[in-house]
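The file data.cif contains mmCIF, C-alpha atoms and all ligand atoms:
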data_upload
#
loop_
_atom_site.label_atom_id
_atom_site.label_comp_id
_atom_site.auth_asym_id
_atom_site.auth_seq_id
_atom_site.Cartn_x
_atom_site.Cartn_y
_atom_site.Cartn_z
CA MET T 1 0.00 0.00 0.00
CA LYS T 2 1.55 3.31 -1.10
CA HIS T 3 -1.36 5.72 -0.56
CA LEU T 4 -4.40 5.86 1.71
CA LEU T 5 -7.14 7.44 -0.38
CA SER T 6 -10.27 5.48 0.50
CA ALA T 7 -11.35 3.26 3.38
CA GLY T 8 -12.69 0.98 0.65
CA ASP T 9 -9.16 0.32 -0.63
CA LEU T 10 -8.27 -1.53 2.59
CA SER T 11 -8.62 -5.29 2.71
CA ARG T 12 -9.73 -6.80 6.00
CA ASP T 13 -6.13 -7.86 6.72
CA GLU T 14 -4.76 -4.37 5.95
CA ALA T 15 -7.38 -2.70 8.12
CA LEU T 16 -6.68 -5.07 11.02
CA GLN T 17 -2.93 -4.54 10.60
CA ILE T 18 -3.43 -0.76 10.97
CA LEU T 19 -5.66 -1.22 14.04
CA ASP T 20 -3.27 -3.71 15.66
CA THR T 21 -0.27 -1.46 14.97
CA ALA T 22 -2.17 1.50 16.42
CA GLU T 23 -2.87 -0.55 19.56
CA GLU T 24 0.87 -1.09 20.06
CA LEU T 25 1.66 2.55 19.36
CA ARG T 26 -1.06 3.84 21.67
CA SER T 27 0.80 2.42 24.64
CA LEU T 28 3.56 4.96 23.85
CA ALA T 29 1.26 7.70 25.09
CA ASP T 30 1.57 6.28 28.63
CA ARG T 31 5.39 6.33 28.56
CA PRO T 32 7.54 9.27 29.73
CA ILE T 33 9.32 9.42 26.33
CA LYS T 34 6.68 9.33 23.63
CA LYS T 35 8.94 9.40 20.56
CA LEU T 36 10.18 6.63 18.27
CA PRO T 37 13.03 7.17 15.76
CA THR T 38 11.21 5.24 13.02
CA LEU T 39 10.68 8.07 10.49
CA ARG T 40 13.84 10.09 11.24
CA GLY T 41 14.90 11.90 8.06
CA ARG T 42 11.45 11.65 6.46
CA THR T 43 9.30 14.69 5.70
CA VAL T 44 5.54 14.74 6.11
CA VAL T 45 3.63 17.68 4.61
CA ASN T 46 0.21 18.60 5.96
CA LEU T 47 -1.49 20.20 2.95
CA PHE T 48 -4.77 21.68 4.18
CA PHE T 49 -7.09 23.58 1.83
CA GLU T 50 -9.95 23.36 4.36
CA ASP T 51 -10.05 24.13 8.07
CA SER T 52 -9.26 21.41 10.57
CA THR T 53 -8.42 21.12 14.24
CA ARG T 54 -8.31 17.41 15.08
CA THR T 55 -7.02 15.91 11.84
CA ARG T 56 -4.24 18.41 11.16
CA ILE T 57 -2.96 18.51 14.71
CA SER T 58 -3.11 14.75 15.19
CA PHE T 59 -1.28 14.07 11.91
CA GLU T 60 1.36 16.56 13.06
CA ALA T 61 1.62 14.92 16.49
CA ALA T 62 1.72 11.45 14.90
CA ALA T 63 4.52 12.37 12.48
CA LYS T 64 6.55 14.08 15.22
CA ARG T 65 6.18 11.11 17.58
CA LEU T 66 7.73 9.01 14.81
CA SER T 67 10.55 11.62 14.51
CA ALA T 68 9.57 12.81 11.01
CA ASP T 69 10.05 16.44 9.98
CA VAL T 70 6.69 18.13 9.51
CA ILE T 71 5.78 20.99 7.18
CA ASN T 72 2.37 22.52 7.76
CA PHE T 73 0.75 24.16 4.74
CA SER T 74 -2.53 25.99 5.03
CA ALA T 75 -4.17 27.42 1.91
CA LYS T 76 -5.07 30.53 3.92
CA GLY T 77 -2.00 32.76 3.87
CA SER T 78 -0.38 30.84 0.99
CA SER T 79 -0.08 31.59 -2.74
CA VAL T 80 -3.31 29.62 -3.25
CA THR T 81 -5.08 32.87 -2.36
CA LYS T 82 -3.27 34.44 -5.37
CA GLY T 83 -4.72 31.74 -7.62
CA GLU T 84 -1.95 29.12 -7.55
CA SER T 85 -3.30 25.76 -8.72
CA LEU T 86 -3.31 22.42 -6.91
CA LYS T 87 -0.75 21.17 -9.45
CA ASP T 88 1.70 24.03 -8.88
CA THR T 89 1.25 23.83 -5.12
CA ALA T 90 1.95 20.08 -5.26
CA LEU T 91 5.02 20.53 -7.50
CA THR T 92 6.37 23.17 -5.09
CA LEU T 93 6.02 20.79 -2.14
CA GLU T 94 7.53 17.95 -4.16
CA ALA T 95 10.52 20.17 -4.94
CA MET T 96 11.06 20.58 -1.20
CA GLY T 97 11.16 16.83 -0.70
CA ALA T 98 7.93 15.47 0.69
CA ASP T 99 7.89 11.76 1.53
CA ALA T 100 4.20 11.91 2.40
CA VAL T 101 1.52 14.49 1.75
CA VAL T 102 -1.50 14.55 4.02
CA VAL T 103 -4.17 16.41 2.08
CA ARG T 104 -7.50 17.89 3.04
CA HIS T 105 -9.35 19.58 0.20
CA TRP T 106 -12.84 20.95 -0.38
CA ALA T 107 -12.99 19.11 -3.72
CA SER T 108 -13.97 15.45 -3.66
CA GLY T 109 -11.25 13.48 -5.44
CA ALA T 110 -8.39 15.97 -4.92
CA PRO T 111 -6.16 13.41 -3.09
CA HIS T 112 -6.78 10.87 -5.89
CA ARG T 113 -5.68 13.52 -8.41
CA LEU T 114 -2.47 14.17 -6.45
CA ALA T 115 -1.71 10.46 -6.20
CA GLY T 116 -2.57 9.65 -9.80
CA THR T 117 -0.70 12.38 -11.67
CA GLY T 118 2.87 11.96 -10.52
CA TRP T 119 2.97 15.53 -9.17
CA ILE T 120 3.77 13.93 -5.81
CA ARG T 121 6.10 10.90 -5.81
CA GLY T 122 5.63 10.10 -2.14
CA SER T 123 2.58 8.73 -0.34
CA VAL T 124 -0.70 10.63 -0.41
CA LEU T 125 -3.00 10.35 2.59
CA ASN T 126 -6.58 11.55 2.32
CA ALA T 127 -7.39 13.72 5.34
CA GLY T 128 -10.89 14.49 4.06
CA ASP T 129 -11.94 15.37 0.51
CA GLY T 130 -15.14 17.33 0.02
CA THR T 131 -18.17 15.19 0.83
CA HIS T 132 -16.37 12.05 -0.32
CA GLU T 133 -14.12 10.29 2.23
CA HIS T 134 -12.14 10.62 5.45
CA PRO T 135 -10.46 7.21 5.83
CA THR T 136 -8.32 7.91 8.91
CA GLN T 137 -11.42 9.14 10.75
CA ALA T 138 -13.11 5.81 10.00
CA LEU T 139 -10.01 3.96 11.19
CA LEU T 140 -9.89 5.87 14.48
CA ASP T 141 -13.62 5.30 14.94
CA ALA T 142 -13.19 1.56 14.38
CA PHE T 143 -10.18 1.55 16.71
CA THR T 144 -12.21 3.26 19.45
CA MET T 145 -15.13 0.86 19.02
CA ARG T 146 -12.83 -2.15 19.06
CA ARG T 147 -11.22 -1.06 22.33
CA HIS T 148 -14.64 -1.02 24.01
CA LEU T 149 -16.63 -3.65 22.13
CA GLY T 150 -13.97 -6.15 21.02
CA SER T 151 -14.35 -7.58 17.52
CA LEU T 152 -16.69 -5.54 15.32
CA GLU T 153 -18.00 -8.66 13.59
CA GLY T 154 -21.81 -8.54 13.83
CA ARG T 155 -21.80 -5.31 15.88
CA ARG T 156 -24.61 -2.89 15.04
CA ILE T 157 -23.57 0.70 14.44
CA ALA T 158 -25.95 3.61 13.81
CA VAL T 159 -24.56 6.60 11.91
CA VAL T 160 -26.99 9.46 12.37
CA GLY T 161 -27.72 12.80 10.76
CA ASP T 162 -26.31 14.71 7.81
CA VAL T 163 -25.08 11.72 5.81
CA LEU T 164 -25.46 13.66 2.56
CA HIS T 165 -22.51 15.95 3.29
CA SER T 166 -20.51 13.51 5.41
CA ARG T 167 -17.22 12.05 4.22
CA VAL T 168 -17.03 10.40 7.66
CA ALA T 169 -20.22 8.42 7.02
CA ARG T 170 -19.07 7.06 3.65
CA SER T 171 -15.66 5.99 4.97
CA ASN T 172 -17.27 4.38 8.02
CA VAL T 173 -19.75 2.42 5.92
CA LEU T 174 -16.91 1.09 3.76
CA LEU T 175 -14.57 0.19 6.62
CA LEU T 176 -17.20 -1.20 8.98
CA ALA T 177 -18.52 -3.48 6.22
CA THR T 178 -14.96 -4.75 5.70
CA LEU T 179 -14.72 -5.44 9.44
CA GLY T 180 -18.06 -7.29 9.51
CA ALA T 181 -20.20 -4.73 11.34
CA GLU T 182 -23.79 -3.92 10.40
CA VAL T 183 -24.33 -0.22 9.78
CA THR T 184 -27.63 1.64 9.73
CA LEU T 185 -27.62 5.18 8.36
CA VAL T 186 -30.30 7.27 10.03
CA GLY T 187 -31.44 10.71 8.93
CA PRO T 188 -34.13 12.75 7.25
CA PRO T 189 -34.75 11.80 3.60
CA THR T 190 -33.29 15.14 2.47
CA LEU T 191 -29.96 14.38 4.21
CA LEU T 192 -29.46 10.83 2.89
CA PRO T 193 -27.62 10.74 -0.45
CA VAL T 194 -29.15 9.62 -3.72
CA GLY T 195 -27.95 6.07 -4.38
CA VAL T 196 -27.53 5.18 -0.68
CA GLU T 197 -29.58 2.03 -1.42
CA GLY T 198 -26.44 0.73 -3.15
CA TRP T 199 -24.22 1.18 -0.07
CA THR T 200 -23.43 -1.81 2.16
CA CYS T 201 -25.78 -0.72 4.96
CA ASP T 202 -29.40 -0.28 6.01
CA THR T 203 -31.17 3.07 6.16
CA SER T 204 -33.84 4.45 8.46
CA TYR T 205 -35.67 7.76 8.92
CA ASP T 206 -36.65 6.82 12.49
CA LEU T 207 -33.89 7.22 15.08
CA ASP T 208 -36.00 6.04 18.03
CA SER T 209 -36.66 2.66 16.40
CA VAL T 210 -32.93 2.02 15.90
CA LEU T 211 -31.37 3.00 19.25
CA SER T 212 -32.29 -0.03 21.37
CA LYS T 213 -30.52 -2.36 18.88
CA THR T 214 -27.30 -0.36 18.65
CA ASP T 215 -23.80 -1.06 20.00
CA ALA T 216 -22.52 2.39 19.06
CA VAL T 217 -24.27 5.50 17.85
CA MET T 218 -22.21 7.93 15.81
CA MET T 219 -23.74 11.39 15.56
CA LEU T 220 -22.74 13.43 12.51
CA ARG T 221 -22.26 17.17 12.40
CA VAL T 222 -24.93 19.08 10.50
CA GLN T 223 -22.69 20.76 7.90
CA LYS T 224 -24.36 24.14 7.57
CA GLU T 225 -21.48 25.45 5.46
CA ARG T 226 -22.23 22.93 2.70
CA MET T 227 -25.99 23.61 2.69
CA ASN T 228 -28.12 25.92 0.69
CA ASP T 229 -30.27 27.99 3.11
CA ALA T 230 -33.41 26.57 1.50
CA PHE T 231 -32.42 23.06 2.62
CA PHE T 232 -31.11 23.98 6.04
CA PRO T 233 -33.36 22.36 8.66
CA SER T 234 -34.42 24.40 11.68
CA ALA T 235 -32.25 23.50 14.67
CA ARG T 236 -35.29 22.88 16.85
CA GLU T 237 -37.03 20.58 14.36
CA TYR T 238 -33.80 18.75 13.55
CA SER T 239 -32.87 18.10 17.17
CA ARG T 240 -36.45 17.03 17.99
CA ARG T 241 -36.33 14.28 15.32
CA TYR T 242 -32.62 13.43 15.09
CA GLY T 243 -30.77 14.94 18.04
CA LEU T 244 -29.27 12.67 20.70
CA ASP T 245 -30.44 13.97 24.08
CA SER T 246 -30.51 12.24 27.46
CA ALA T 247 -33.98 10.74 26.84
CA ARG T 248 -32.78 9.11 23.65
CA MET T 249 -29.49 8.04 25.21
CA ALA T 250 -31.53 6.13 27.80
CA MET T 251 -32.94 3.98 24.95
CA LEU T 252 -29.46 2.62 24.16
CA PRO T 253 -28.24 -0.69 25.62
CA ASP T 254 -26.04 -0.14 28.70
CA HIS T 255 -22.82 -1.02 26.86
CA ALA T 256 -23.49 1.21 23.83
CA LEU T 257 -21.04 3.98 22.95
CA VAL T 258 -21.85 7.58 22.02
CA MET T 259 -19.53 8.89 19.31
CA HIS T 260 -19.05 12.03 17.24
CA PRO T 261 -16.16 12.83 14.87
CA GLY T 262 -16.20 16.49 15.85
CA PRO T 263 -16.53 19.37 15.62
CA MET T 264 -19.95 19.21 17.32
CA ASN T 265 -22.96 21.48 17.08
CA ARG T 266 -23.90 21.12 20.74
CA GLY T 267 -27.66 21.46 21.12
CA MET T 268 -28.35 20.41 17.55
CA GLU T 269 -27.25 16.87 16.69
CA ILE T 270 -26.13 16.14 20.26
CA SER T 271 -27.02 17.75 23.59
CA ALA T 272 -24.22 19.05 25.81
CA ASP T 273 -25.03 16.64 28.66
CA VAL T 274 -24.84 13.64 26.31
CA ALA T 275 -21.59 14.85 24.73
CA ASP T 276 -20.05 15.15 28.20
CA SER T 277 -21.62 11.99 29.65
CA THR T 278 -19.76 8.88 30.76
CA ARG T 279 -21.20 7.05 27.71
CA SER T 280 -19.43 9.46 25.37
CA VAL T 281 -16.07 8.45 23.88
CA ILE T 282 -15.75 11.63 21.84
CA VAL T 283 -12.59 12.90 23.55
CA GLU T 284 -11.09 9.40 23.46
CA GLN T 285 -11.67 9.34 19.67
CA VAL T 286 -9.31 12.32 19.41
CA THR T 287 -6.64 10.61 21.53
CA ASN T 288 -6.94 7.44 19.45
CA GLY T 289 -6.59 9.47 16.27
CA VAL T 290 -2.92 10.11 17.02
CA ALA T 291 -2.13 6.41 17.43
CA VAL T 292 -4.07 5.47 14.31
CA ARG T 293 -2.34 8.15 12.22
CA MET T 294 1.03 7.03 13.60
CA ALA T 295 0.19 3.49 12.48
CA VAL T 296 -0.79 4.65 8.99
CA LEU T 297 2.36 6.78 8.56
CA TYR T 298 4.51 3.97 9.92
CA LEU T 299 3.04 1.34 7.61
CA LEU T 300 3.21 3.61 4.54
CA LEU T 301 6.65 5.09 5.10
CA ALA T 302 8.85 2.94 7.29
CA GLY T 303 11.12 0.86 5.12
CA ALA T 304 9.89 2.44 1.89
CA PRO T 305 12.67 3.57 -0.47
CA ASP T 306 13.85 7.11 0.27
CA THR T 307 12.58 9.10 -2.72
CA GLN T 308 15.04 11.89 -1.98
CA GLU T 309 18.05 9.65 -2.58
CA ASP T 310 16.47 8.37 -5.79
CA SER T 311 16.17 11.85 -7.30
N1 LIG Y 401 -13.17 15.00 12.63
C1 LIG Y 401 -12.48 15.93 11.93
O1 LIG Y 401 -12.11 15.72 10.78
O2 LIG Y 401 -12.25 17.08 12.62
P1 LIG Y 401 -11.43 18.33 12.06
O3 LIG Y 401 -12.25 18.96 10.96
O4 LIG Y 401 -11.25 19.25 13.24
O5 LIG Y 401 -10.13 17.82 11.53
#

Let's see the structure in the file written out as structure tokens.
Amino acid sequence: MKHLLSAGDLSRDEALQILDTAEELRSLADRPIKKLPTLRGRTVVNLFFEDSTRTRISFEAAAKRLSADVINFSAKGSSVTKGESLKDTALTLEAMGADAVVVRHWASGAPHRLAGTGWIRGSVLNAGDGTHEHPTQALLDAFTMRRHLGSLEGRRIAVVGDVLHSRVARSNVLLLATLGAEVTLVGPPTLLPVGVEGWTCDTSYDLDSVLSKTDAVMMLRVQKERMNDAFFPSAREYSRRYGLDSARMAMLPDHALVMHPGPMNRGMEISADVADSTRSVIVEQVTNGVAVRMAVLYLLLAGAPDTQEDS
């Protein structure tokens, strides 16, 4: 595996290898010295054309804990604002010697374009492309579920809310199917994508009927920034039908997890008391994201030929 573009590209064995490696690396967090020399001399570029808190910072932390050099590129404040293209930006980074480029872009497919053109010779990691995919989010979600629930084979996972605009939902459906879980996408008809019938999952418009049969419920952010005002649901109506509040949380089995990829709209898709409850693993998802991204960088880069010496 050279790139990580889609959760659907991972075989079951590859996905389990990443999760098992992340489990070993997570134990580093409990040690006084958290760094490994594994990627010394390698350069990881964080190429972010869209805002991010968790993904960008955790990729940076992951690369640094493996002793890689990290270059952070944000489109804001760069020559992208003067009209520089994705190609010229990529060629500039390539000229500076990137072994891996972690890319977040508003355009679905941008990481695939970077990986497929030869503009970047190193590994390309998709850190979220438009409404398409966010594979490392799905991996950290699976990792978090596995730590609490054990094997995901036969586990029932509800993914709830604005599926239409969610790259997290698509990557989770792909990865969880590979790992043998049963996913139900829940949301209003207007926020489920056309063609969802062809995905490897069930769908429901009725959250209350799903909760009692769920091992983990993953609430999705309502992505107001990707919505036309005409389609934007009222916060009150949305949270009445699809928000996870304490009354709905009480319908879950005792062992069930409450998840959210963040950032949250507290009071809309999830109430503040539920987000902060003992059932919530939302903060733990962020912690686990570092270990999972370390595992991905390690498996993609460690031992790979040094492209800088080849040039
Ligand atoms: N979950 C997630 O992708 O969060 P950020 O947008 O903060 O990276």

Please identify the residues whose atoms come within 7 Å of ligand LIG 401 (chain Y), using all atoms listed in the file, and report them as a PDB file with C-alpha atoms, keeping the file's coordinate frame.
ATOM      1  CA  ASP T  51     -10.050  24.130   8.070  1.00  0.00           C
ATOM      2  CA  SER T  52      -9.260  21.410  10.570  1.00  0.00           C
ATOM      3  CA  THR T  53      -8.420  21.120  14.240  1.00  0.00           C
ATOM      4  CA  ARG T  54      -8.310  17.410  15.080  1.00  0.00           C
ATOM      5  CA  THR T  55      -7.020  15.910  11.840  1.00  0.00           C
ATOM      6  CA  ARG T  56      -4.240  18.410  11.160  1.00  0.00           C
ATOM      7  CA  GLY T 128     -10.890  14.490   4.060  1.00  0.00           C
ATOM      8  CA  GLN T 137     -11.420   9.140  10.750  1.00  0.00           C
ATOM      9  CA  PRO T 261     -16.160  12.830  14.870  1.00  0.00           C
ATOM     10  CA  GLY T 262     -16.200  16.490  15.850  1.00  0.00           C
ATOM     11  CA  PRO T 263     -16.530  19.370  15.620  1.00  0.00           C
TER      12      PRO T 263
END

Item to check | Distance query segment 214-225 of chain T at most 9 Å, only C-alpha atoms, self and fewer than 6 positions along chain excluded, as a VMD selection string | outcome: chain T and resid 145 149 155 to 163 165 to 166 168 to 169 232 243 to 244 252 to 253 255 to 265 268 to 270

Checklist entry - Residues at most 7 Å from Gly180 of chain T, counting all atoms listed in the file, excluding those fewer than 4 positions away in the same chain, as a VMD selection string? => result chain T and resid 152 to 154 176

List the spatial neighbours of Leu4 of chain T as a compact mmCIF listing (two decimals) with C-alpha atoms, keeping the file's coordinate frame - criterion: any atom at most 9 Å away, all atoms listed in the file, same-chain residues fewer than 6 positions off excluded.
# COMPACT_ATOMS: atom_id res chain seq x y z
CA LEU T 10 -8.27 -1.53 2.59
CA SER T 123 2.58 8.73 -0.34
CA VAL T 124 -0.70 10.63 -0.41
CA LEU T 125 -3.00 10.35 2.59
CA ASN T 126 -6.58 11.55 2.32
CA PRO T 135 -10.46 7.21 5.83
CA THR T 136 -8.32 7.91 8.91
CA VAL T 296 -0.79 4.65 8.99
CA LEU T 300 3.21 3.61 4.54

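Each of T:Asp99, T:Glu14, T:Glu23, T:Leu36 was compared to Thr287 of chain T using all atoms listed in the file, and T:Glu23 turns out to be the nearest.
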
Item to check | Neighbour list for Ala295 of chain T as a ChimeraX atom specification, cut-off 8 Å, all atoms listed in the file, skip fewer than 3 positions in-chain | outcome: /T:18-19,21-22,25,291-292,298-299

Next on the checklist: Need the shell around Gly8 of chain T: protein/DNA/RNA residues with any atom at most 12 Å away, counting all atoms listed in the file. Skip same-chain ones fewer than 6 positions apart. Format as an NGL selection string?
Outcome noted: :T and (14-15 or 132-136 or 138-139 or 170-179 or 199-200)

Checklist entry - What gap, in Å, lies between atom CA of Leu191 of chain T and atom CA of Leu164 of chain T? => result 4.8 Å

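When atom CA of Ala110 of chain T is paired with atom CA of Gly130 of chain T, their separation reads 8.5 Å.
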
Checklist entry - How would you write as a ChimeraX atom specification the residues that get within 12 Å of (-1.2, 14.6, 16.5) in the file's frame, counting only C-alpha atoms? => result /T:26,29,34,46,53-66,70,286-295,297

Checklist entry - How many Å separate atom CA of Ser6 of chain T from atom CA of Gly77 of chain T? => result 28.7 Å

Checklist entry - Which one is closest to Pro193 of chain T: T:Thr144, T:Gln17, T:Ser108, T:Thr131? Count all atoms listed in the file. => result T:Thr131
